[in-house]
Amino acid sequence: MNSITQNFKSKLFAGIAILLPLYLTFIVIKFVFVSLEEISEPLLNKLGLDIPGLGIMLTMILIYILGLLMTNFLGRKIFNLGENIVKKVPIVNIIYTTLKQITDTFTKDSNDTFKGAIYIQYPRRGLWTMAFISGESESKEGIAYYHVFVPTTPNPTSGFFLVIPQSDSIATDMSVEEGLKTIISGGLLAPEKNPLP
């Protein structure tokens, strides 16, 4: 009887493990599409247009135009002015800053930000953690150093800046994107083999 119950539980959890990610993906996609439609709905209603999918296309065009405006000097100045006002509002500034940091992590090209992913011994010898190379320097004695960012899990937008000798690091053989996925997943998406001694 006990083995039947355990077998039922294991099959039930296996089914949940398959269904849950699919269901959550559906919910997110549905939310995005409904939100995009609702943004353009007032404008489409005024124009008397009721074509399925037109709201999504119109919203995507508006977002693209907004991106164009933000990449020129005047648009950036206007945005910075508005952002400074938002940052002065209590509570709102905390929410906005946190969400902006997370968004920047996923939308900015991480290859431009970091030069590679490495393993270093931190916070003490014998414990290995992943770090991202943000720069390099050399001491007066000619010792090569890495400037590294050690992100926290699961939010890689916060972490620590360290300067370490290059000889104290080991290459991960991962791209920056793969390294970020490993950090965000808390190690669940880490490769099965690593180059650590």
# chains A, B, ... in the order shown; residues from 1 in each chain; ligands from 1
>>> residues_around(residues="Val163 of chain A", least_positions_apart="5", cutoff="12 Å", atoms="only C-alpha atoms", output="ChimeraX atom specification")
/A:120,122,131-139,143-150,168-169
>>> closest_atom_pairs(of="segment 98-157 of chain A", to="segment 175-187 of chain A", cutoff="6 Å", atoms="only C-alpha atoms", output="CSV")
residue,atom,partner,partner_atom,distance
A:Gly116,CA,A:Val176,CA,5.7
A:Ala117,CA,A:Val176,CA,5.6
A:Thr153,CA,A:Ile183,CA,5.6
A:Pro154,CA,A:Ile184,CA,4.3
>>> select_by_dssp(residues="chain A", states="alpha helix (DSSP H)", output="MDAnalysis selection string")
chainID A and resid 2:47 54:70 73:87 92:107 110:113 176:184
>>> atom_distance(atom1="atom CA of Thr98 of chain A", atom2="atom CA of Asn155 of chain A")
9.9 Å
>>> atom_distance(atom1="atom CA of Leu74 of chain A", atom2="atom CA of Ile61 of chain A")
20.1 Å
>>> closest_residue(among="A:Gly75, A:Lys140, A:Lys87, A:Ile39", to="Leu58 of chain A", atoms="only C-alpha atoms")
A:Ile39
>>> residues_around(residues="segment 76-83 of chain A", least_positions_apart="6", cutoff="10 Å", atoms="only C-alpha atoms", output="ChimeraX atom specification")
/A:69-70,93,96-97
>>> atom_distance(atom1="atom CA of Ala14 of chain A", atom2="atom CA of Phe31 of chain A")
26.3 Å
>>> select_by_dssp(residues="segment 27-189 of chain A", states="strand (DSSP E)", output="mmCIF file with N, CA, C and O atoms, in the first residue's frame")
data_model
loop_
_atom_site.group_PDB
_atom_site.id
_atom_site.type_symbol
_atom_site.label_atom_id
_atom_site.label_comp_id
_atom_site.auth_asym_id
_atom_site.auth_seq_id
_atom_site.Cartn_x
_atom_site.Cartn_y
_atom_site.Cartn_z
ATOM 1 N N GLY A 116 34.151 37.895 -19.827
ATOM 2 C CA GLY A 116 34.139 36.440 -19.675
ATOM 3 C C GLY A 116 33.710 36.020 -18.286
ATOM 4 O O GLY A 116 33.622 36.839 -17.371
ATOM 5 N N ALA A 117 33.426 34.717 -18.139
ATOM 6 C CA ALA A 117 33.025 34.155 -16.851
ATOM 7 C C ALA A 117 34.142 33.268 -16.328
ATOM 8 O O ALA A 117 34.693 32.447 -17.062
ATOM 9 N N ILE A 118 34.487 33.438 -15.070
ATOM 10 C CA ILE A 118 35.574 32.661 -14.454
ATOM 11 C C ILE A 118 35.141 32.144 -13.080
ATOM 12 O O ILE A 118 34.165 32.624 -12.506
ATOM 13 N N TYR A 119 35.896 31.150 -12.578
ATOM 14 C CA TYR A 119 35.712 30.678 -11.204
ATOM 15 C C TYR A 119 36.814 31.280 -10.342
ATOM 16 O O TYR A 119 37.973 31.329 -10.749
ATOM 17 N N ILE A 120 36.418 31.750 -9.146
ATOM 18 C CA ILE A 120 37.407 32.247 -8.179
ATOM 19 C C ILE A 120 37.091 31.656 -6.805
ATOM 20 O O ILE A 120 35.954 31.238 -6.555
ATOM 21 N N GLN A 121 38.092 31.621 -5.938
ATOM 22 C CA GLN A 121 37.864 31.126 -4.580
ATOM 23 C C GLN A 121 37.368 32.290 -3.721
ATOM 24 O O GLN A 121 38.114 33.219 -3.438
ATOM 25 N N TRP A 128 34.381 27.792 -4.246
ATOM 26 C CA TRP A 128 34.465 28.395 -5.577
ATOM 27 C C TRP A 128 33.165 29.079 -5.943
ATOM 28 O O TRP A 128 32.083 28.564 -5.663
ATOM 29 N N THR A 129 33.266 30.228 -6.561
ATOM 30 C CA THR A 129 32.094 30.950 -7.043
ATOM 31 C C THR A 129 32.370 31.508 -8.435
ATOM 32 O O THR A 129 33.529 31.649 -8.830
ATOM 33 N N MET A 130 31.298 31.812 -9.137
ATOM 34 C CA MET A 130 31.459 32.355 -10.482
ATOM 35 C C MET A 130 31.554 33.874 -10.424
ATOM 36 O O MET A 130 30.855 34.522 -9.643
ATOM 37 N N ALA A 131 32.427 34.427 -11.252
ATOM 38 C CA ALA A 131 32.590 35.882 -11.343
ATOM 39 C C ALA A 131 32.696 36.258 -12.818
ATOM 40 O O ALA A 131 33.039 35.418 -13.659
ATOM 41 N N PHE A 132 32.406 37.512 -13.096
ATOM 42 C CA PHE A 132 32.470 38.011 -14.474
ATOM 43 C C PHE A 132 33.562 39.076 -14.586
ATOM 44 O O PHE A 132 33.628 39.986 -13.762
ATOM 45 N N ILE A 133 34.399 38.935 -15.612
ATOM 46 C CA ILE A 133 35.516 39.874 -15.803
ATOM 47 C C ILE A 133 34.988 41.187 -16.367
ATOM 48 O O ILE A 133 34.384 41.220 -17.432
ATOM 49 N N SER A 134 35.224 42.269 -15.635
ATOM 50 C CA SER A 134 34.784 43.591 -16.105
ATOM 51 C C SER A 134 35.959 44.446 -16.577
ATOM 52 O O SER A 134 35.778 45.488 -17.191
ATOM 53 N N GLY A 135 37.191 44.011 -16.271
ATOM 54 C CA GLY A 135 38.368 44.768 -16.694
ATOM 55 C C GLY A 135 39.650 44.077 -16.264
ATOM 56 O O GLY A 135 39.622 43.053 -15.580
ATOM 57 N N GLU A 136 40.772 44.646 -16.689
ATOM 58 C CA GLU A 136 42.083 44.088 -16.339
ATOM 59 C C GLU A 136 43.045 45.210 -15.981
ATOM 60 O O GLU A 136 42.876 46.343 -16.428
ATOM 61 N N SER A 137 44.039 44.885 -15.155
ATOM 62 C CA SER A 137 45.080 45.866 -14.816
ATOM 63 C C SER A 137 46.366 45.126 -14.464
ATOM 64 O O SER A 137 46.371 43.902 -14.382
ATOM 65 N N GLU A 138 47.418 45.892 -14.256
ATOM 66 C CA GLU A 138 48.714 45.308 -13.933
ATOM 67 C C GLU A 138 49.343 46.094 -12.790
ATOM 68 O O GLU A 138 49.286 47.323 -12.763
ATOM 69 N N ALA A 144 49.495 40.487 -13.355
ATOM 70 C CA ALA A 144 48.228 40.750 -14.066
ATOM 71 C C ALA A 144 47.046 40.471 -13.142
ATOM 72 O O ALA A 144 46.988 39.435 -12.477
ATOM 73 N N TYR A 145 46.118 41.430 -13.118
ATOM 74 C CA TYR A 145 44.927 41.317 -12.275
ATOM 75 C C TYR A 145 43.654 41.374 -13.117
ATOM 76 O O TYR A 145 43.623 41.997 -14.171
ATOM 77 N N TYR A 146 42.611 40.708 -12.615
ATOM 78 C CA TYR A 146 41.272 40.838 -13.184
ATOM 79 C C TYR A 146 40.443 41.727 -12.265
ATOM 80 O O TYR A 146 40.525 41.609 -11.045
ATOM 81 N N HIS A 147 39.634 42.590 -12.855
ATOM 82 C CA HIS A 147 38.589 43.313 -12.113
ATOM 83 C C HIS A 147 37.347 42.463 -12.321
ATOM 84 O O HIS A 147 36.934 42.252 -13.465
ATOM 85 N N VAL A 148 36.774 41.951 -11.249
ATOM 86 C CA VAL A 148 35.634 41.037 -11.412
ATOM 87 C C VAL A 148 34.410 41.490 -10.622
ATOM 88 O O VAL A 148 34.522 42.155 -9.591
ATOM 89 N N PHE A 149 33.251 41.087 -11.144
ATOM 90 C CA PHE A 149 31.978 41.307 -10.469
ATOM 91 C C PHE A 149 31.447 39.949 -10.053
ATOM 92 O O PHE A 149 31.304 39.048 -10.876
ATOM 93 N N VAL A 150 31.201 39.790 -8.750
ATOM 94 C CA VAL A 150 30.649 38.541 -8.221
ATOM 95 C C VAL A 150 29.168 38.775 -7.935
ATOM 96 O O VAL A 150 28.818 39.459 -6.973
ATOM 97 N N PRO A 151 28.283 38.246 -8.787
ATOM 98 C CA PRO A 151 26.845 38.503 -8.605
ATOM 99 C C PRO A 151 26.242 37.629 -7.516
ATOM 100 O O PRO A 151 26.792 36.593 -7.154
ATOM 101 N N GLY A 159 25.851 42.543 -6.129
ATOM 102 C CA GLY A 159 27.006 41.677 -5.915
ATOM 103 C C GLY A 159 28.199 42.441 -5.384
ATOM 104 O O GLY A 159 28.039 43.495 -4.774
ATOM 105 N N PHE A 160 29.401 41.920 -5.647
ATOM 106 C CA PHE A 160 30.627 42.495 -5.101
ATOM 107 C C PHE A 160 31.648 42.738 -6.208
ATOM 108 O O PHE A 160 31.744 41.969 -7.158
ATOM 109 N N PHE A 161 32.436 43.811 -6.048
ATOM 110 C CA PHE A 161 33.527 44.098 -6.973
ATOM 111 C C PHE A 161 34.830 43.675 -6.304
ATOM 112 O O PHE A 161 35.109 44.054 -5.169
ATOM 113 N N LEU A 162 35.615 42.866 -7.004
ATOM 114 C CA LEU A 162 36.893 42.392 -6.469
ATOM 115 C C LEU A 162 38.005 42.569 -7.495
ATOM 116 O O LEU A 162 37.736 42.550 -8.701
ATOM 117 N N VAL A 163 39.226 42.744 -7.008
ATOM 118 C CA VAL A 163 40.404 42.763 -7.880
ATOM 119 C C VAL A 163 41.253 41.582 -7.445
ATOM 120 O O VAL A 163 41.691 41.511 -6.295
ATOM 121 N N ILE A 164 41.457 40.613 -8.372
ATOM 122 C CA ILE A 164 42.170 39.389 -8.010
ATOM 123 C C ILE A 164 43.285 39.103 -9.021
ATOM 124 O O ILE A 164 43.165 39.482 -10.186
ATOM 125 N N PRO A 165 44.354 38.437 -8.586
ATOM 126 C CA PRO A 165 45.394 38.036 -9.554
ATOM 127 C C PRO A 165 44.805 37.069 -10.574
ATOM 128 O O PRO A 165 44.024 36.184 -10.214
ATOM 129 N N SER A 169 42.446 32.516 -10.837
ATOM 130 C CA SER A 169 41.143 32.242 -11.457
ATOM 131 C C SER A 169 41.240 31.059 -12.411
ATOM 132 O O SER A 169 42.322 30.698 -12.859
ATOM 133 N N ILE A 170 40.092 30.463 -12.677
ATOM 134 C CA ILE A 170 40.006 29.343 -13.627
ATOM 135 C C ILE A 170 38.892 29.661 -14.613
ATOM 136 O O ILE A 170 37.784 30.045 -14.210
ATOM 137 N N ALA A 171 39.158 29.502 -15.905
ATOM 138 C CA ALA A 171 38.145 29.756 -16.936
ATOM 139 C C ALA A 171 37.004 28.757 -16.784
ATOM 140 O O ALA A 171 37.223 27.577 -16.500
#
>>> closest_residue(among="A:Phe8, A:Gly15, A:Gln166, A:Leu127", to="Gly142 of chain A", atoms="only C-alpha atoms")
A:Gln166
>>> decode(residues="segment 27-77 of chain A", atoms="N, CA and C atoms", output="tab-separated table (two decimals), in the first residue's frame")
chain	number	residue	atom	x	y	z
A	27	ILE	N	0.56	31.59	-19.34
A	27	ILE	CA	0.05	32.74	-18.58
A	27	ILE	C	0.83	34.01	-18.92
A	28	VAL	N	2.18	33.89	-18.96
A	28	VAL	CA	3.04	35.05	-19.25
A	28	VAL	C	2.77	35.57	-20.66
A	29	ILE	N	2.74	34.64	-21.65
A	29	ILE	CA	2.50	35.05	-23.04
A	29	ILE	C	1.12	35.69	-23.19
A	30	LYS	N	0.12	35.08	-22.56
A	30	LYS	CA	-1.25	35.63	-22.60
A	30	LYS	C	-1.28	37.04	-22.00
A	31	PHE	N	-0.62	37.21	-20.85
A	31	PHE	CA	-0.57	38.51	-20.17
A	31	PHE	C	0.08	39.56	-21.07
A	32	VAL	N	1.21	39.19	-21.71
A	32	VAL	CA	1.93	40.13	-22.59
A	32	VAL	C	1.05	40.53	-23.76
A	33	PHE	N	0.42	39.54	-24.42
A	33	PHE	CA	-0.41	39.84	-25.59
A	33	PHE	C	-1.65	40.66	-25.23
A	34	VAL	N	-2.30	40.32	-24.11
A	34	VAL	CA	-3.49	41.08	-23.66
A	34	VAL	C	-3.08	42.51	-23.30
A	35	SER	N	-1.94	42.65	-22.61
A	35	SER	CA	-1.45	43.98	-22.23
A	35	SER	C	-1.15	44.83	-23.45
A	36	LEU	N	-0.49	44.22	-24.46
A	36	LEU	CA	-0.17	44.95	-25.69
A	36	LEU	C	-1.44	45.39	-26.42
A	37	GLU	N	-2.45	44.53	-26.43
A	37	GLU	CA	-3.73	44.87	-27.07
A	37	GLU	C	-4.41	46.02	-26.33
A	38	GLU	N	-4.39	45.98	-24.98
A	38	GLU	CA	-5.09	46.99	-24.17
A	38	GLU	C	-4.44	48.37	-24.28
A	39	ILE	N	-3.12	48.42	-24.50
A	39	ILE	CA	-2.43	49.70	-24.62
A	39	ILE	C	-2.96	50.49	-25.82
A	40	SER	N	-3.17	49.78	-26.93
A	40	SER	CA	-3.61	50.44	-28.17
A	40	SER	C	-5.13	50.50	-28.32
A	41	GLU	N	-5.87	49.83	-27.42
A	41	GLU	CA	-7.34	49.73	-27.55
A	41	GLU	C	-8.05	51.08	-27.64
A	42	PRO	N	-7.72	52.08	-26.75
A	42	PRO	CA	-8.42	53.37	-26.85
A	42	PRO	C	-8.24	54.04	-28.22
A	43	LEU	N	-7.02	53.97	-28.77
A	43	LEU	CA	-6.74	54.58	-30.08
A	43	LEU	C	-7.51	53.87	-31.19
A	44	LEU	N	-7.52	52.53	-31.14
A	44	LEU	CA	-8.22	51.75	-32.16
A	44	LEU	C	-9.73	51.97	-32.09
A	45	ASN	N	-10.26	52.12	-30.87
A	45	ASN	CA	-11.70	52.38	-30.70
A	45	ASN	C	-12.09	53.72	-31.31
A	46	LYS	N	-11.22	54.73	-31.13
A	46	LYS	CA	-11.48	56.06	-31.70
A	46	LYS	C	-11.48	56.00	-33.22
A	47	LEU	N	-10.58	55.17	-33.78
A	47	LEU	CA	-10.49	55.03	-35.24
A	47	LEU	C	-11.56	54.07	-35.78
A	48	GLY	N	-12.27	53.39	-34.88
A	48	GLY	CA	-13.32	52.46	-35.31
A	48	GLY	C	-12.77	51.18	-35.92
A	49	LEU	N	-11.56	50.80	-35.51
A	49	LEU	CA	-10.94	49.60	-36.05
A	49	LEU	C	-11.03	48.45	-35.05
A	50	ASP	N	-11.44	47.30	-35.52
A	50	ASP	CA	-11.54	46.11	-34.66
A	50	ASP	C	-10.97	44.90	-35.40
A	51	ILE	N	-9.64	44.94	-35.59
A	51	ILE	CA	-8.95	43.86	-36.30
A	51	ILE	C	-8.07	43.11	-35.30
A	52	PRO	N	-8.30	41.79	-35.10
A	52	PRO	CA	-7.49	41.04	-34.13
A	52	PRO	C	-5.99	41.11	-34.46
A	53	GLY	N	-5.19	41.39	-33.43
A	53	GLY	CA	-3.75	41.46	-33.61
A	53	GLY	C	-3.22	42.83	-33.99
A	54	LEU	N	-4.12	43.74	-34.42
A	54	LEU	CA	-3.67	45.08	-34.82
A	54	LEU	C	-3.14	45.88	-33.63
A	55	GLY	N	-3.76	45.68	-32.47
A	55	GLY	CA	-3.31	46.37	-31.25
A	55	GLY	C	-1.90	45.98	-30.87
A	56	ILE	N	-1.58	44.68	-31.02
A	56	ILE	CA	-0.24	44.19	-30.71
A	56	ILE	C	0.78	44.83	-31.65
A	57	MET	N	0.45	44.83	-32.96
A	57	MET	CA	1.36	45.41	-33.96
A	57	MET	C	1.58	46.89	-33.71
A	58	LEU	N	0.48	47.61	-33.41
A	58	LEU	CA	0.57	49.05	-33.16
A	58	LEU	C	1.42	49.34	-31.92
A	59	THR	N	1.21	48.56	-30.86
A	59	THR	CA	1.98	48.74	-29.62
A	59	THR	C	3.47	48.46	-29.86
A	60	MET	N	3.78	47.40	-30.64
A	60	MET	CA	5.17	47.08	-30.95
A	60	MET	C	5.83	48.23	-31.73
A	61	ILE	N	5.07	48.82	-32.65
A	61	ILE	CA	5.59	49.97	-33.43
A	61	ILE	C	5.85	51.15	-32.50
A	62	LEU	N	4.91	51.40	-31.56
A	62	LEU	CA	5.06	52.51	-30.60
A	62	LEU	C	6.28	52.29	-29.70
A	63	ILE	N	6.48	51.03	-29.26
A	63	ILE	CA	7.63	50.70	-28.41
A	63	ILE	C	8.93	50.92	-29.19
A	64	TYR	N	8.92	50.51	-30.47
A	64	TYR	CA	10.10	50.70	-31.32
A	64	TYR	C	10.42	52.19	-31.50
A	65	ILE	N	9.37	53.00	-31.72
A	65	ILE	CA	9.55	54.46	-31.87
A	65	ILE	C	10.10	55.05	-30.57
A	66	LEU	N	9.59	54.56	-29.43
A	66	LEU	CA	10.08	55.01	-28.12
A	66	LEU	C	11.56	54.68	-27.98
A	67	GLY	N	11.95	53.47	-28.43
A	67	GLY	CA	13.36	53.07	-28.40
A	67	GLY	C	14.22	53.97	-29.27
A	68	LEU	N	13.71	54.36	-30.44
A	68	LEU	CA	14.43	55.28	-31.33
A	68	LEU	C	14.65	56.63	-30.66
A	69	LEU	N	13.58	57.12	-30.00
A	69	LEU	CA	13.67	58.43	-29.32
A	69	LEU	C	14.68	58.39	-28.19
A	70	MET	N	14.71	57.24	-27.45
A	70	MET	CA	15.60	57.13	-26.29
A	70	MET	C	17.07	56.99	-26.68
A	71	THR	N	17.33	56.64	-27.94
A	71	THR	CA	18.73	56.46	-28.36
A	71	THR	C	19.33	57.73	-28.96
A	72	ASN	N	18.56	58.83	-29.00
A	72	ASN	CA	19.17	60.10	-29.43
A	72	ASN	C	19.32	61.04	-28.23
A	73	PHE	N	20.10	62.08	-28.40
A	73	PHE	CA	20.48	62.97	-27.30
A	73	PHE	C	19.29	63.62	-26.61
A	74	LEU	N	18.38	64.21	-27.39
A	74	LEU	CA	17.23	64.93	-26.83
A	74	LEU	C	16.29	63.98	-26.08
A	75	GLY	N	16.02	62.82	-26.70
A	75	GLY	CA	15.14	61.83	-26.07
A	75	GLY	C	15.70	61.34	-24.75
A	76	ARG	N	17.02	61.13	-24.71
A	76	ARG	CA	17.67	60.67	-23.48
A	76	ARG	C	17.58	61.72	-22.39
A	77	LYS	N	17.75	62.99	-22.77
A	77	LYS	CA	17.67	64.10	-21.79
A	77	LYS	C	16.27	64.16	-21.17
